[in-house]
Amino acid sequence: MNAVDASSHYTQPTEAEVLPSLLVVILDTNPFTWDALQSTLPISQALANILLFINAHLAFSQANKVAVIASHTKLAKLLYPPPPPSPSISGPQPGLSGRPLSLADRLGLSKDGVDGSGSGAASNGGSTAASTPGSSGPHDHLNRNSSLPPQAVIPADPERDANKYRQFRIVEDQVTASVRSLLAETTEDSLAGTNMTMMAGALSLALTYIHKMTMPIEETTLSGTLQAGGGIAPPAEGSKKDDLEMTMNARIVVISVSGDLAEQYIPIMNCIFAAQRKKIPIDICKIAGDTVFLQQASDATNGVYMNLKEPRGLLQYLMMGFLPDQTSRKHLVLPTQVNVDFRAACFCHKHVVDIGFVCSICLSIFCSPPDGAFCTTCGTKLDVTTLGYGGKPAVLVTKKKKKKRKADAVAGGNGEA
C-alpha cells in the first residue's frame with residue numbers, strides 16, 4: 001500500500017541532515033588601537049557591522065547559535081550569551097547607569113545605541129527605546145498611573161518589539177550593553193603598563209565554550225556512560241571520548257586590530273593545536289597590524305585569513321569571506337593567503353626569530369645560547385662548544401656540481417665506440 005500512495009517516499013532515508021552552525025566571534029577591544037582607528041573605522045561602526053554579520057548567520061537557520069567574546073587588554077570576557085545572574089548581586093549593573101563612561105564616549109559608544117542614533121546597532125525604522133513623560137507614546141499611561149518619578153524612563157521590551165526579529169534584538173542589545181560595560185570598567189590605571197590584547201585567553205574561552213555546546217547530550221564519564229536512572233553503564237569496547245560526533249559545526253572568527261603577540265606564543269600555539277585536533281577552523285579578519293601567529297592559526301586549521309586593505313568595507317568582507325560555514329565552503333573558492341610567516345618566538349626574550357637554538361629534549365627555542373648553556377625549560381645541558389662563528393648557528397652552503405659539456409660527452413661516446 002505504501003508503494004501505491006507513495007508513502008514510502010517519506011520513510012526512505014535521505015541525505016545526511018545538515019548540522020547547525022555555531023559561530024564564535026572574538027572581538028579585539030584594545031582601546032589603544034581603536035583610538036588610533038577612530039578616523040578610519042570607529043568602534044561603533046565596526047560593532048554595528050559585526051552585529052549585522054551575526055544576524056545574517058542566525059538568519060540561515062533557526063538552530064544556528066552564536067557567541068561573542070571580547071579580547072581586552074588584561075582579560076577575556078564572554079559578551080554573549082550573558083552569564084546567569086547571581087542572586088547575591090542587587091542594584092544596577094556597573095557601567096549601565098549612574099557612572100560616567102569616559103572611554104566609551106570617546107570611542108563613540110553612546111547610551112542610546114551603538115552609533116549614537118538611538119535606534120540600536122543595526123535597526124532601521126525600529127521603535128524608540130522609551131518615551132518622555134511630556135509626549136504621547138505607548139507608555140504614557142504607565143508614566144501617569146504609576147508611582148515612577150517624572151524623569152523615569154521605561155525601556156522598551158525587546159521580546160515585544162514587533163519591528164525586528166526577536167533573536168536579533170536580544171543579541172544586539174546584550175552585546176552592545178556588554179561592550180559598554182567593559183569599556184566603562186576600563187580605567188587609565190588598568191591600561192598602564194600594557195598595550196597588548198589577551199588573544200590567548202579569548203581563544204581558550206572560545207574553545208571551552210565550543211566544547212561545551214557541541215558535545216553530545218549523553219554525558220560520558222571516565223568509567224562509563226551516565227544513564228537516566230542514575231546508574232553508569234560500562235563504556236563500549238574500542239570507543240574513545242574524542243571519537244564522539246559533535247552536534248554542531250563550530251568555527252571561530254577573530255576580528256583583530258592589534259599587532260604582534262610574541263608574549264603569548266606558547267598558549268596561542270596550544271590553542272591552535274587544540275582547534276586543529278577538533279577540526280575547528282579559525283578565521284582571521286585583520287583590520288590593523290600584523291601578527292605572525294594568527295597567520296599560522298588560520299593556515300593550520302584551514303581557516304580564512306584576510307588582511308583588510310580598506311577597513312571601511314568591513315561589512316562586505318565579513319559577508320563575502322567569513323559568512324559561509326564548513327558545509328558551504330566545500331562548494332566555494334575561498335580567499336587564501338599565499339605567503340604564511342612560519343617564524344617562532346624565542347622562549348627567553350619573546351622575540352620573533354628567523355634562526356635560533358632549539359633544545360633537543362623539550363624543543364624550546366632560544367635566540368642566543370642561555371646562560372651556562374642550560375635549557376631554562378627542562379634544565380638539559382646544551383652542547384654549544386661545537387658552534388662557531390661567534391656563537392651563532394652556522395649556515396652550510398651546498399656546492400653545485402659542475403655539468404660536463406654536451407660536446408665532450410658526445411666526443412667521449414664516439415671514442416668508446
# chains A, B, ... in the order shown; residues from 1 in each chain; ligands from 1

call {"tool": "residues_around", "arguments": {"residues": "Asn249 of chain A", "least_positions_apart": "4", "cutoff": "12 Å", "atoms": "only C-alpha atoms", "output": "VMD selection string"}}
result
chain A and resid 18 to 24 63 to 66 210 to 211 213 to 215 245 278 to 281 324 to 328

call {"tool": "residues_around", "arguments": {"residues": "segment 74-80 of chain A", "least_positions_apart": "6", "cutoff": "8 Å", "atoms": "only C-alpha atoms", "output": "PyMOL selection string"}}
result
chain A and resi 66-68+171+174-175+178-179+196-199+201-202+205

call {"tool": "write_last_selection", "arguments": {"atoms": "N, CA, C and O atoms", "output": "mmCIF file, in the first residue's frame"}}
result
data_model
loop_
_atom_site.group_PDB
_atom_site.id
_atom_site.type_symbol
_atom_site.label_atom_id
_atom_site.label_comp_id
_atom_site.auth_asym_id
_atom_site.auth_seq_id
_atom_site.Cartn_x
_atom_site.Cartn_y
_atom_site.Cartn_z
ATOM 1 N N VAL A 66 25.292 31.509 18.317
ATOM 2 C CA VAL A 66 26.363 32.487 18.229
ATOM 3 C C VAL A 66 26.861 32.812 19.626
ATOM 4 O O VAL A 66 26.115 32.710 20.609
ATOM 5 N N ALA A 67 28.139 33.156 19.695
ATOM 6 C CA ALA A 67 28.756 33.611 20.936
ATOM 7 C C ALA A 67 29.747 34.711 20.587
ATOM 8 O O ALA A 67 30.407 34.646 19.543
ATOM 9 N N VAL A 68 29.845 35.710 21.444
ATOM 10 C CA VAL A 68 30.740 36.851 21.231
ATOM 11 C C VAL A 68 31.652 36.969 22.442
ATOM 12 O O VAL A 68 31.177 36.997 23.592
ATOM 13 N N VAL A 171 20.308 39.776 20.807
ATOM 14 C CA VAL A 171 21.759 39.720 20.618
ATOM 15 C C VAL A 171 22.349 41.115 20.542
ATOM 16 O O VAL A 171 23.382 41.414 21.177
ATOM 17 N N GLN A 174 22.268 42.895 24.053
ATOM 18 C CA GLN A 174 23.170 42.300 25.028
ATOM 19 C C GLN A 174 24.627 42.579 24.682
ATOM 20 O O GLN A 174 25.433 42.923 25.553
ATOM 21 N N VAL A 175 24.987 42.455 23.415
ATOM 22 C CA VAL A 175 26.376 42.694 23.015
ATOM 23 C C VAL A 175 26.740 44.165 23.210
ATOM 24 O O VAL A 175 27.820 44.488 23.713
ATOM 25 N N SER A 178 27.128 44.893 26.891
ATOM 26 C CA SER A 178 28.329 44.255 27.441
ATOM 27 C C SER A 178 29.587 45.008 27.034
ATOM 28 O O SER A 178 30.516 45.166 27.837
ATOM 29 N N VAL A 179 29.631 45.479 25.781
ATOM 30 C CA VAL A 179 30.802 46.233 25.334
ATOM 31 C C VAL A 179 30.902 47.560 26.087
ATOM 32 O O VAL A 179 31.979 47.966 26.528
ATOM 33 N N MET A 196 48.813 45.311 24.965
ATOM 34 C CA MET A 196 48.529 44.081 24.236
ATOM 35 C C MET A 196 47.132 43.593 24.570
ATOM 36 O O MET A 196 46.549 43.957 25.591
ATOM 37 N N THR A 197 46.607 42.765 23.713
ATOM 38 C CA THR A 197 45.294 42.180 23.912
ATOM 39 C C THR A 197 45.432 40.733 24.365
ATOM 40 O O THR A 197 46.408 40.054 24.017
ATOM 41 N N MET A 198 44.469 40.254 25.131
ATOM 42 C CA MET A 198 44.533 38.903 25.685
ATOM 43 C C MET A 198 43.921 37.915 24.676
ATOM 44 O O MET A 198 42.863 37.337 24.905
ATOM 45 N N MET A 199 44.612 37.734 23.533
ATOM 46 C CA MET A 199 44.095 36.868 22.485
ATOM 47 C C MET A 199 44.170 35.396 22.877
ATOM 48 O O MET A 199 43.282 34.606 22.520
ATOM 49 N N GLY A 201 43.814 34.098 25.891
ATOM 50 C CA GLY A 201 42.692 33.808 26.779
ATOM 51 C C GLY A 201 41.375 33.765 26.043
ATOM 52 O O GLY A 201 40.493 32.952 26.366
ATOM 53 N N ALA A 202 41.198 34.620 25.027
ATOM 54 C CA ALA A 202 39.961 34.608 24.249
ATOM 55 C C ALA A 202 39.832 33.327 23.430
ATOM 56 O O ALA A 202 38.739 32.742 23.330
ATOM 57 N N LEU A 205 38.905 30.546 25.848
ATOM 58 C CA LEU A 205 37.499 30.656 26.232
ATOM 59 C C LEU A 205 36.581 30.211 25.098
ATOM 60 O O LEU A 205 35.559 29.563 25.337
#

call {"tool": "select_by_dssp", "arguments": {"residues": "segment 228-361 of chain A", "states": "helix (DSSP H, G or I)", "output": "ChimeraX atom specification"}}
result
/A:241-243,262-277,292-300,311-322,326-329

call {"tool": "residues_around", "arguments": {"residues": "segment 273-276 of chain A", "least_positions_apart": "3", "cutoff": "12 Å", "atoms": "only C-alpha atoms", "output": "ChimeraX atom specification"}}
result
/A:203-204,206-208,210-211,242,250-252,266-270,279-283,296-303

call {"tool": "write_last_selection", "arguments": {"atoms": "C-alpha atoms", "output": "compact mmCIF listing (two decimals), in the first residue's frame"}}
result
# COMPACT_ATOMS: atom_id res chain seq x y z
CA LEU A 203 40.88 31.59 22.10
CA SER A 204 40.91 29.35 25.18
CA ALA A 206 36.14 30.11 22.71
CA LEU A 207 37.38 26.51 22.56
CA THR A 208 35.93 25.83 26.01
CA ILE A 210 32.58 25.21 21.75
CA HIS A 211 33.42 22.03 23.63
CA ASP A 242 37.43 12.13 21.22
CA ALA A 250 31.72 25.19 15.12
CA ARG A 251 34.09 27.85 13.86
CA ILE A 252 35.89 30.87 15.26
CA ILE A 266 53.04 29.22 23.81
CA PRO A 267 49.34 29.50 24.83
CA ILE A 268 48.33 30.58 21.32
CA MET A 269 50.11 27.60 19.78
CA ASN A 270 48.40 25.28 22.28
CA LYS A 279 38.71 20.37 13.26
CA ILE A 280 37.57 23.85 14.25
CA PRO A 281 38.61 26.45 11.64
CA ILE A 282 39.93 29.77 12.89
CA ASP A 283 39.16 32.66 10.53
CA GLN A 296 49.72 30.23 11.44
CA ALA A 297 46.40 29.64 13.23
CA SER A 298 44.42 30.21 10.04
CA ASP A 299 46.76 28.07 7.96
CA ALA A 300 46.90 25.15 10.42
CA THR A 301 43.11 24.96 10.88
CA ASN A 302 42.13 25.52 7.21
CA GLY A 303 40.59 28.88 8.02

call {"tool": "closest_residue", "arguments": {"among": "A:Ile255, A:Ala177, A:Cys362, A:Ile54", "to": "Met319 of chain A", "atoms": "only C-alpha atoms"}}
result
A:Ile54
